[in-house]
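This report refers to the structure that appears directly beneath it.
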Number of protein chains: 2
Amino acid sequence: VAAEAFYDELETREPERREREQLAALRRQIAHAKARAPFFGALLKDVNPEDVTGRAALAALPVTRKGDLAAAQKANPPFGGLVAEERSKLRHVYMSPGPLYEPDSDVRDYWRFGRALWAAGARPGELVHNTFSYHLVPAGILAETGAAAIGCPVFPAGVGNSEIQVQAIADLKPSIYAGTPSFLRILAEKADELKLDFTSIRTGMVGAEALTPSLRQAMQARGIELFNTYGTADVGLIGYESRAHEGMLIDENIVFELVEPLGSKPVADGEIGEVTVSVLTPTYPLIRYGTGDLSATLPGASPCGRTNARIKGWMGRADQSTKVRGMFVHASNVMDVARRHPEIRKARIVVTSVDNRDEMTLRCVVEGGGEGLKRAIADTVQSVLKLRGAVEFVAALPDDGKVVEDARTYR
Amino acid sequence: VAAEAFYDELETREPERREREQLAALRRQIAHAKARAPFFGALLKDVNPEDVTGRAALAALPVTRKGDLAAAQKANPPFGGLVAEERSKLRHVYMSPGPLYEPDSDVRDYWRFGRALWAAGARPGELVHNTFSYHLVPAGILAETGAAAIGCPVFPAGVGNSEIQVQAIADLKPSIYAGTPSFLRILAEKADELKLDFTSIRTGMVGAEALTPSLRQAMQARGIELFNTYGTADVGLIGYESRAHEGMLIDENIVFELVEPLGSKPVADGEIGEVTVSVLTPTYPLIRYGTGDLSATLPGASPCGRTNARIKGWMGRADQSTKVRGMFVHASNVMDVARRHPEIRKARIVVTSVDNRDEMTLRCVVEGGGEGLKRAIADTVQSVLKLRGAVEFVAALPDDGKVVEDARTYR
């Protein structure tokens with residue numbers, strides 16, 4: 001593999017070297033956060049950064065979640081004492097539901113999307129047709145500053161105006177699309193309808209919604225290779241796909257953990273957990289930030305040569321819950337059940353209403369099968385949830401991140 | 001006046017020094033454009049840059065207009081040989097109706113809006129609530145890169161979502177609004193309706209539509225000082241208001257001319273002409289670019305201490321025209337009539353239909369008045385337009401830039 005295949009030498013570090021270097025950077029970051037961000041000064045007041053020498057010490061630090069940020073911002077507006085940079089060095093403030101406010105700064109490629117673009121083959125001078133929104137949310141600027149870091153000009157299109165957009169694509173011949181997968185399909189079909197040339201687009205950097213295998217194949221048939229990405233408005237890029245297309249690689253400038261959903265303890269390898277991230281860049285030094293998103297790691301290493309961990313992508317929200325016959329059912333309960341039966345590859349609780357009575361079914365995709373396994377899983381459901389429920393084996397479950405599905409109809 | 005009142009020392013140059021320095025920069029720019037932008041290499045092939053030593057020599061160069069850009073871009077996509085920068089140094093490509101495509105580059109404050117913000121009192125660390133769109137057009141990035149040059153973070157809001165926007169204003173307390181004047185009014189009224197605090201906004205950087213005196217006063221009553229701005233997607237900032245609020249000052253990095261509408265010859269001082277600009281920054285080296293916009297200069301110097309020329313703001317499009325009794329009437333014809341009668345301060349042709357017959361009236365705001373002047377103007381209309389028309393003196397004309405108004409109703 002040629003050296004220019006990689007964005008930098010961080011991607012191909014020996015895993016032990018990465019771990020050592022990341023923990024050293026994390027110790028510096030904890031010291032920086034304590035000194036410059038009053039929120040972490042208080043939260044980590046009894047933590048000596050130099051003691052964080054391994055994963056066990058990291059796991060002893062508290063996890064901060066969206067709710068904590070919202071409370072801190074409300075008490076101490078606008079940023080709750082979490083920003084470690086002076087105001088004149090900030091470039092933007094963005095807004096999430098809550099409301100919750102996120103900063104960025106004039107640090108080059110603040111959102112770290114350049115690495116994702118490079119892994120997808122983007123090179124200097126290629127034009128990016130960027131349909132992520134620049135308004136209120138940082139999606140647009142994330143793709144844009146990544147492109148700028150490589151030297152790719154951007155056509156900032158936003159969503160909508162699909163007729164105008166396909167005209168611009170036919171005229172400007174961008175090679176890269178950035179945006180949601182569904183809007184890429186809308187543009188491709190609009191170009192067909194108007195008989196405008198869409199063939200310049202060879203690469204699709206997609207995110208912000210589920211990428212279905214059928215959409216990936218439909219675009220592949222047009223000669224467009226899709227690269228899934230995963231990130232959040234607080235953290236920036238978390239995962240990206242390389243041309244190996246085996247899960248998503250973790251970005252190099254974050255320390256990544258999967259913890260028990262809404263808890264603090266790391267899960268075992270291969271188990272589903274809540275994506276928890278410590279950011280190693282200075283402006284917004286989130287330490288053990290629990291994103292509320294569920295994912296799981298893949299075993300082994302990527303054939304592309306990158307050595308970082310890989311995740312399966314977004315598998316739902318950790319805070320899904322509902323009430324069944326008066327009892328709470330949480331996404332973490334479904335994880336608990338699945339953890340006790342390694343045969344379960346994917347599972348969701350579906351709640352229905354029959355004659356005004358709640359019925360609960362655990363639908364699972366399993367390795368193998370059989371009535372014995374079904375009975376054993378039903379026993380686990382009973383003991384974990386304190387609720388009787390049916391167990392049903394299915395060939396597949398939708399890739400929509402749902403773990404707890406409320407299918408009751410109320411008329 | 002304190003030195004920090006000015007963005008740089010360019011603003012207070014002796015006019016003779018500005019002229020000398022601008023012409024020297026223009027000679028370098030012409031040489032650069034000829035060498036790096038094939039369009040100008042061909043257009044100016046017989047021009048020796050060193051010969052452009054004064055306004056007369058400048059006036060002998062050809063004027064390039066939007067139609068020329070569109071034709072060049074069509075023949076030689078995407079930029080028609082007008083961009084003098086390699087593609088990997090470009091940051092964005094934008095789109096205007098035509099379609100016409102405009103680049104920008106990674107030059108600091110490419111669109112030169114920092115000067116306008118500074119003149120309005122923006123200082124490092126102040127938050128800008130930016131409602132100009134970032135999508136397809138460069139309005140949003142113009143305000144944003146200007147803010148970045150000063151050290152002002154930006155909340156990129158776009159247009160729409162007014163409820164969410166006033167929530168963000170109440171929470172983040174920006175001191176500066178950027179956007180259209182009409183959307184500022186919408187936000188202010190939405191904040192009143194939702195009883196949300198809007199008082200942090202003290203400054204409004206407005207543009208992209210006419211600013212009426214009544215809207216300016218309504219915002220002044222709320223403690224918001226409005227600063228009008230004028231720019232285009234090809235040139236960037238052209239004019240900006242200082243706290244003196246006497247017309248708009250010309251930006252320092254352009255050579256400014258007013259020429260006969262759709263012509264090439266400069267108009268006399270005080271006359272209405274087409275805004276024609278030579279850009280002194282290197283990426284997109286437009287030389288004598290006729291914007292199609294009409295304006296006129298104000299006499300004297302600004303009391304704020306800036307010494308550059310001032311214009312009245314946008315006074316309409318040079319390409320307005322209609323057909324009256326089968327004959328073309330152009331905006332330039334109205335200018336021609338006004339030029340022959342210095343008493344005319346403002347004029348427009350209004351075409352109506354009476355019993356299916358076109359009627360034409362020249363409505364004018366005049367200094368003085370009288371039947372003799374009215375008859376003299378009517379004679380000039382007849383000789384310039386080859387059409388008989390009535391002349392009507394009015395106290396005021398709407399500030400909407402219309403010079404040729406077609407008020408015929410077709411049923």
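Ligands are numbered from 1 in the order shown, residues from 1 within each chain, and chains are lettered A, B, ... in the order they appear in the structure tokens.
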Contacts between chain B and chain A, please, where a residue of chain A counts if it comes within 9 Å (with only C-alpha atoms); show its shortest atom pair and distance in Å to one decimal, rows by chain and ascending number, as JSON lines.
```
{"residue": "A:Lys74", "atom": "CA", "partner": "B:Asp171", "partner_atom": "CA", "distance": 8.8}
{"residue": "A:Pro77", "atom": "CA", "partner": "B:Asp171", "partner_atom": "CA", "distance": 7.2}
{"residue": "A:Pro78", "atom": "CA", "partner": "B:Leu172", "partner_atom": "CA", "distance": 5.8}
{"residue": "A:Glu86", "atom": "CA", "partner": "B:Gly125", "partner_atom": "CA", "distance": 8.0}
{"residue": "A:Arg87", "atom": "CA", "partner": "B:Gly125", "partner_atom": "CA", "distance": 5.0}
{"residue": "A:Ser88", "atom": "CA", "partner": "B:Gly125", "partner_atom": "CA", "distance": 4.0}
{"residue": "A:Lys89", "atom": "CA", "partner": "B:Gly151", "partner_atom": "CA", "distance": 6.2}
{"residue": "A:Leu90", "atom": "CA", "partner": "B:Pro153", "partner_atom": "CA", "distance": 5.3}
{"residue": "A:Arg91", "atom": "CA", "partner": "B:Pro153", "partner_atom": "CA", "distance": 4.4}
{"residue": "A:His92", "atom": "CA", "partner": "B:Val154", "partner_atom": "CA", "distance": 4.6}
{"residue": "A:Val93", "atom": "CA", "partner": "B:Phe155", "partner_atom": "CA", "distance": 4.9}
{"residue": "A:Tyr94", "atom": "CA", "partner": "B:Phe155", "partner_atom": "CA", "distance": 6.3}
{"residue": "A:Met95", "atom": "CA", "partner": "B:Ala168", "partner_atom": "CA", "distance": 7.7}
{"residue": "A:Pro99", "atom": "CA", "partner": "B:Ala168", "partner_atom": "CA", "distance": 8.1}
{"residue": "A:Tyr101", "atom": "CA", "partner": "B:Leu172", "partner_atom": "CA", "distance": 8.7}
{"residue": "A:Pro103", "atom": "CA", "partner": "B:Pro153", "partner_atom": "CA", "distance": 8.9}
{"residue": "A:Asp104", "atom": "CA", "partner": "B:Pro153", "partner_atom": "CA", "distance": 8.9}
{"residue": "A:Ser105", "atom": "CA", "partner": "B:Pro153", "partner_atom": "CA", "distance": 8.4}
{"residue": "A:Asp106", "atom": "CA", "partner": "B:Ala148", "partner_atom": "CA", "distance": 8.4}
{"residue": "A:Pro124", "atom": "CA", "partner": "B:Ser88", "partner_atom": "CA", "distance": 5.3}
{"residue": "A:Gly125", "atom": "CA", "partner": "B:Ser88", "partner_atom": "CA", "distance": 4.0}
{"residue": "A:Glu126", "atom": "CA", "partner": "B:Ser88", "partner_atom": "CA", "distance": 7.5}
{"residue": "A:Leu127", "atom": "CA", "partner": "B:Arg87", "partner_atom": "CA", "distance": 8.7}
{"residue": "A:Thr131", "atom": "CA", "partner": "B:His135", "partner_atom": "CA", "distance": 8.6}
{"residue": "A:Ser133", "atom": "CA", "partner": "B:His135", "partner_atom": "CA", "distance": 7.9}
{"residue": "A:Tyr134", "atom": "CA", "partner": "B:Tyr134", "partner_atom": "CA", "distance": 6.2}
{"residue": "A:His135", "atom": "CA", "partner": "B:Ala157", "partner_atom": "CA", "distance": 4.9}
{"residue": "A:Leu136", "atom": "CA", "partner": "B:Ala157", "partner_atom": "CA", "distance": 5.1}
{"residue": "A:Val137", "atom": "CA", "partner": "B:Pro156", "partner_atom": "CA", "distance": 8.2}
{"residue": "A:Glu144", "atom": "CA", "partner": "B:Arg91", "partner_atom": "CA", "distance": 8.6}
{"residue": "A:Ala147", "atom": "CA", "partner": "B:Arg91", "partner_atom": "CA", "distance": 8.5}
{"residue": "A:Ala148", "atom": "CA", "partner": "B:Arg91", "partner_atom": "CA", "distance": 6.4}
{"residue": "A:Ile150", "atom": "CA", "partner": "B:Ser88", "partner_atom": "CA", "distance": 8.2}
{"residue": "A:Gly151", "atom": "CA", "partner": "B:Ser88", "partner_atom": "CA", "distance": 4.6}
{"residue": "A:Cys152", "atom": "CA", "partner": "B:Ser88", "partner_atom": "CA", "distance": 5.6}
{"residue": "A:Pro153", "atom": "CA", "partner": "B:Arg91", "partner_atom": "CA", "distance": 4.4}
{"residue": "A:Val154", "atom": "CA", "partner": "B:His92", "partner_atom": "CA", "distance": 4.6}
{"residue": "A:Phe155", "atom": "CA", "partner": "B:Val93", "partner_atom": "CA", "distance": 4.9}
{"residue": "A:Pro156", "atom": "CA", "partner": "B:His135", "partner_atom": "CA", "distance": 5.3}
{"residue": "A:Ala157", "atom": "CA", "partner": "B:His135", "partner_atom": "CA", "distance": 4.9}
{"residue": "A:Gly158", "atom": "CA", "partner": "B:His135", "partner_atom": "CA", "distance": 5.3}
{"residue": "A:Val159", "atom": "CA", "partner": "B:His135", "partner_atom": "CA", "distance": 8.5}
{"residue": "A:Ile164", "atom": "CA", "partner": "B:Pro99", "partner_atom": "CA", "distance": 8.9}
{"residue": "A:Gln165", "atom": "CA", "partner": "B:Leu136", "partner_atom": "CA", "distance": 8.6}
{"residue": "A:Gln167", "atom": "CA", "partner": "B:Pro99", "partner_atom": "CA", "distance": 8.4}
{"residue": "A:Ala168", "atom": "CA", "partner": "B:Met95", "partner_atom": "CA", "distance": 7.7}
{"residue": "A:Asp171", "atom": "CA", "partner": "B:Pro78", "partner_atom": "CA", "distance": 6.7}
{"residue": "A:Leu172", "atom": "CA", "partner": "B:Pro78", "partner_atom": "CA", "distance": 5.8}
{"residue": "A:Lys173", "atom": "CA", "partner": "B:Pro78", "partner_atom": "CA", "distance": 8.7}
```
#### Entry: Who sits within 10 Å of B:Ala347, only C-alpha atoms, same chain under 4 positions skipped, as an NGL selection string
:B and (334-335 or 337-338 or 362-366 or 392-394 or 396-397 or 402-404)
### Task
Would you mind listing what lies within 12 Å of A:Pro299 as a list in words, with only C-alpha atoms counted and same-chain residues fewer than 3 positions away left out?
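Near A:Pro299, the qualifying residues are Glu246, Gly247, Leu249, Ala268, Asp269, Gly270, Glu271, Ala296, Ser302, Thr307, Asn308, Ala309, Arg310, Ile311 and Lys312 of chain A.
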### Message
Run DSSP on the backbone and tell me which residues of stretch 160-322 of chain B come out as strand (DSSP E or B); list them as number ranges by chain.
### Response
B: 176-179, 203-206, 225-232, 236-240, 248-250, 254-259, 266, 273-279, 289-295, 297, 310-311, 317, 321-322
#### Entry: Separation of atom CA of B:Pro49 from atom CA of B:Phe113 in Å
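Between atom CA of B:Phe113 and atom CA of B:Pro49 the gap is 28.5 Å.
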## Note on the structure
In Å and to one decimal, atom CA of A:Ala59 is distant from atom CA of A:Asn253 by 18.5 Å
### Task
For B:Leu294, work out the shell of residues within 6 Å, counting only C-alpha atoms and skipping chain neighbours fewer than 5 positions away, then give it as a PyMOL selection string.
chain B and resi 273-275+315-318
### Task
Could you check which of B:Gly326, B:Pro398, B:Gly54, B:Gly372 is closest to B:Arg357, using only C-alpha atoms?
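Answer, going by the shortest atom-to-atom distance: B:Gly326.
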### Query
Leaving out A:Phe328 and any residue of its chain fewer than 2 positions from it, which residues lie within 12 Å of it when counting only C-alpha atoms, given as a ChimeraX atom specification?
/A:319-326,330-334,351,384-387,404
Resulting file, chosen residues, all heavy atoms, as a short mmCIF file (atom, residue, chain, number, x, y, z; two decimals), in the first residue's frame:
```
data_model
loop_
_atom_site.label_atom_id
_atom_site.label_comp_id
_atom_site.auth_asym_id
_atom_site.auth_seq_id
_atom_site.Cartn_x
_atom_site.Cartn_y
_atom_site.Cartn_z
N ASP A 319 -30.94 5.60 25.05
CA ASP A 319 -31.99 6.05 25.97
C ASP A 319 -33.39 5.64 25.54
O ASP A 319 -34.37 6.18 26.03
CB ASP A 319 -31.91 7.57 26.15
CG ASP A 319 -31.99 8.30 24.81
OD1 ASP A 319 -32.17 7.64 23.77
OD2 ASP A 319 -31.89 9.53 24.82
N GLN A 320 -33.49 4.64 24.62
CA GLN A 320 -34.82 4.17 24.25
C GLN A 320 -35.46 3.45 25.43
O GLN A 320 -34.85 2.63 26.07
CB GLN A 320 -34.72 3.18 23.08
CG GLN A 320 -34.22 3.80 21.79
CD GLN A 320 -34.01 2.75 20.72
OE1 GLN A 320 -34.94 2.06 20.33
NE2 GLN A 320 -32.78 2.63 20.25
N SER A 321 -36.74 3.76 25.67
CA SER A 321 -37.44 3.05 26.73
C SER A 321 -38.94 3.19 26.53
O SER A 321 -39.40 4.06 25.78
CB SER A 321 -37.05 3.60 28.11
OG SER A 321 -37.52 4.92 28.25
N THR A 322 -39.70 2.33 27.16
CA THR A 322 -41.15 2.45 27.15
C THR A 322 -41.67 1.76 28.40
O THR A 322 -40.92 1.16 29.17
CB THR A 322 -41.76 1.85 25.86
OG1 THR A 322 -43.13 2.22 25.80
CG2 THR A 322 -41.64 0.35 25.83
N LYS A 323 -42.99 1.85 28.62
CA LYS A 323 -43.61 1.18 29.76
C LYS A 323 -44.49 0.03 29.26
O LYS A 323 -45.28 0.23 28.33
CB LYS A 323 -44.46 2.15 30.57
CG LYS A 323 -43.75 2.72 31.79
CD LYS A 323 -44.70 3.53 32.64
CE LYS A 323 -44.05 3.87 33.99
NZ LYS A 323 -44.93 4.74 34.80
N VAL A 324 -44.29 -1.15 29.84
CA VAL A 324 -45.09 -2.32 29.46
C VAL A 324 -45.78 -2.82 30.74
O VAL A 324 -45.08 -3.13 31.73
CB VAL A 324 -44.20 -3.43 28.86
CG1 VAL A 324 -45.04 -4.66 28.51
CG2 VAL A 324 -43.46 -2.91 27.64
N ARG A 325 -47.09 -2.87 30.69
CA ARG A 325 -47.86 -3.27 31.88
C ARG A 325 -47.35 -2.52 33.13
O ARG A 325 -47.13 -3.11 34.19
CB ARG A 325 -47.77 -4.78 32.11
CG ARG A 325 -48.54 -5.58 31.05
CD ARG A 325 -48.25 -7.07 31.17
NE ARG A 325 -47.84 -7.62 29.90
CZ ARG A 325 -47.04 -8.68 29.75
NH1 ARG A 325 -46.56 -9.31 30.81
NH2 ARG A 325 -46.72 -9.11 28.55
N GLY A 326 -47.05 -1.24 32.96
CA GLY A 326 -46.65 -0.42 34.10
C GLY A 326 -45.19 -0.50 34.48
O GLY A 326 -44.72 0.22 35.36
N HIS A 330 -36.00 -0.68 29.18
CA HIS A 330 -34.95 0.18 28.63
C HIS A 330 -34.14 -0.57 27.57
O HIS A 330 -34.05 -1.80 27.61
CB HIS A 330 -33.99 0.62 29.75
CG HIS A 330 -34.65 1.46 30.80
ND1 HIS A 330 -34.99 2.77 30.61
CD2 HIS A 330 -35.06 1.14 32.06
CE1 HIS A 330 -35.56 3.25 31.70
NE2 HIS A 330 -35.62 2.28 32.60
N ALA A 331 -33.52 0.19 26.68
CA ALA A 331 -32.62 -0.42 25.69
C ALA A 331 -31.55 -1.25 26.38
O ALA A 331 -31.17 -2.33 25.89
CB ALA A 331 -31.98 0.67 24.84
N SER A 332 -31.10 -0.79 27.53
CA SER A 332 -30.03 -1.53 28.22
C SER A 332 -30.50 -2.92 28.65
O SER A 332 -29.70 -3.85 28.72
CB SER A 332 -29.54 -0.74 29.44
OG SER A 332 -30.62 -0.52 30.33
N ASN A 333 -31.82 -3.07 28.90
CA ASN A 333 -32.34 -4.40 29.25
C ASN A 333 -32.19 -5.37 28.07
O ASN A 333 -31.87 -6.55 28.26
CB ASN A 333 -33.82 -4.32 29.64
CG ASN A 333 -34.08 -3.38 30.82
OD1 ASN A 333 -35.04 -2.62 30.80
ND2 ASN A 333 -33.23 -3.42 31.83
N VAL A 334 -32.44 -4.83 26.88
CA VAL A 334 -32.30 -5.68 25.69
C VAL A 334 -30.83 -6.09 25.54
O VAL A 334 -30.52 -7.25 25.22
CB VAL A 334 -32.80 -4.93 24.43
CG1 VAL A 334 -32.72 -5.83 23.19
CG2 VAL A 334 -34.23 -4.43 24.65
N VAL A 351 -43.47 -3.99 21.42
CA VAL A 351 -44.62 -3.98 22.31
C VAL A 351 -45.88 -3.72 21.50
O VAL A 351 -45.93 -2.76 20.71
CB VAL A 351 -44.47 -2.89 23.39
CG1 VAL A 351 -45.60 -3.00 24.41
CG2 VAL A 351 -43.11 -2.99 24.06
N VAL A 384 -34.59 -10.73 33.57
CA VAL A 384 -34.01 -9.39 33.44
C VAL A 384 -35.10 -8.31 33.54
O VAL A 384 -34.93 -7.29 34.21
CB VAL A 384 -33.25 -9.26 32.10
CG1 VAL A 384 -32.94 -7.79 31.78
CG2 VAL A 384 -31.96 -10.07 32.16
N LEU A 385 -36.23 -8.57 32.88
CA LEU A 385 -37.26 -7.52 32.75
C LEU A 385 -38.38 -7.64 33.77
O LEU A 385 -39.21 -6.71 33.87
CB LEU A 385 -37.86 -7.55 31.34
CG LEU A 385 -36.94 -7.02 30.24
CD1 LEU A 385 -37.38 -7.51 28.88
CD2 LEU A 385 -36.93 -5.50 30.26
N LYS A 386 -38.41 -8.74 34.50
CA LYS A 386 -39.53 -8.98 35.44
C LYS A 386 -40.87 -8.92 34.69
O LYS A 386 -41.89 -8.46 35.23
CB LYS A 386 -39.55 -7.96 36.60
CG LYS A 386 -38.20 -7.65 37.21
CD LYS A 386 -37.59 -8.86 37.91
CE LYS A 386 -36.22 -8.49 38.50
NZ LYS A 386 -35.28 -9.63 38.43
N LEU A 387 -40.84 -9.33 33.43
CA LEU A 387 -42.03 -9.29 32.59
C LEU A 387 -42.00 -10.54 31.72
O LEU A 387 -40.95 -10.91 31.20
CB LEU A 387 -42.01 -8.08 31.66
CG LEU A 387 -42.42 -6.71 32.20
CD1 LEU A 387 -42.03 -5.63 31.20
CD2 LEU A 387 -43.91 -6.66 32.49
N VAL A 404 -36.04 -0.72 21.18
CA VAL A 404 -37.33 -0.80 21.87
C VAL A 404 -38.37 -0.17 20.94
O VAL A 404 -38.31 1.02 20.65
CB VAL A 404 -37.30 -0.03 23.21
CG1 VAL A 404 -38.68 -0.05 23.87
CG2 VAL A 404 -36.24 -0.60 24.14
#
```
### Message
List the spatial neighbours of stretch 241-244 of chain A as number ranges by chain - criterion: any atom at most 12 Å away, only C-alpha atoms, same-chain residues fewer than 3 positions off excluded.
### Response
A: 5-7, 11, 113, 115-122, 203-207, 225-230, 237-238, 247-251, 301-313
### Message
Please list as a list in words every residue within 9 Å of B:Ile186, counting only C-alpha atoms and excluding residues in the same chain fewer than 5 positions away.
### Response
Ser162, Pro181 and Ala191 of chain B
Just all heavy atoms for this one: save the residues we selected as an mmCIF file, in the first residue's frame.
```
data_model
loop_
_atom_site.group_PDB
_atom_site.id
_atom_site.type_symbol
_atom_site.label_atom_id
_atom_site.label_comp_id
_atom_site.auth_asym_id
_atom_site.auth_seq_id
_atom_site.Cartn_x
_atom_site.Cartn_y
_atom_site.Cartn_z
ATOM 1 N N SER B 162 -37.775 30.887 12.562
ATOM 2 C CA SER B 162 -37.637 32.106 13.373
ATOM 3 C C SER B 162 -37.845 31.829 14.862
ATOM 4 O O SER B 162 -37.216 32.480 15.695
ATOM 5 C CB SER B 162 -38.579 33.197 12.873
ATOM 6 O OG SER B 162 -39.909 32.751 12.881
ATOM 7 N N PRO B 181 -32.798 43.343 5.990
ATOM 8 C CA PRO B 181 -33.545 44.136 6.971
ATOM 9 C C PRO B 181 -34.918 43.537 7.263
ATOM 10 O O PRO B 181 -35.367 43.568 8.417
ATOM 11 C CB PRO B 181 -33.653 45.517 6.310
ATOM 12 C CG PRO B 181 -33.091 45.406 4.940
ATOM 13 C CD PRO B 181 -32.373 44.115 4.821
ATOM 14 N N ALA B 191 -39.728 37.621 18.568
ATOM 15 C CA ALA B 191 -39.255 37.681 19.955
ATOM 16 C C ALA B 191 -40.295 38.366 20.842
ATOM 17 O O ALA B 191 -40.568 37.914 21.966
ATOM 18 C CB ALA B 191 -37.908 38.414 20.030
#
```
### Task
Run DSSP on the backbone of this structure and report the residues of stretch 175-206 of chain A it assigns to alpha helix (DSSP H), as a list of chain:residue names.
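Alpha helix (DSSP H) members of stretch 175-206 of chain A, listed: A:Pro181, A:Ser182, A:Phe183, A:Leu184, A:Arg185, A:Ile186, A:Leu187, A:Ala188, A:Glu189, A:Lys190, A:Ala191, A:Asp192, A:Glu193, A:Leu194.
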### Query
In Å, with one decimal, what is the gap from atom CA of B:Ala57 to atom CA of B:Thr276?
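Going from atom CA of B:Ala57 over to atom CA of B:Thr276 covers 15.0 Å.
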### Message
With distances taken over only C-alpha atoms, which residue among B:His32, B:Tyr177, B:Gly236, B:Leu194 lies nearest B:Ile141?
### Response
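Ranking B:His32, B:Tyr177, B:Gly236, B:Leu194 by distance to B:Ile141, first place goes to B:Gly236.
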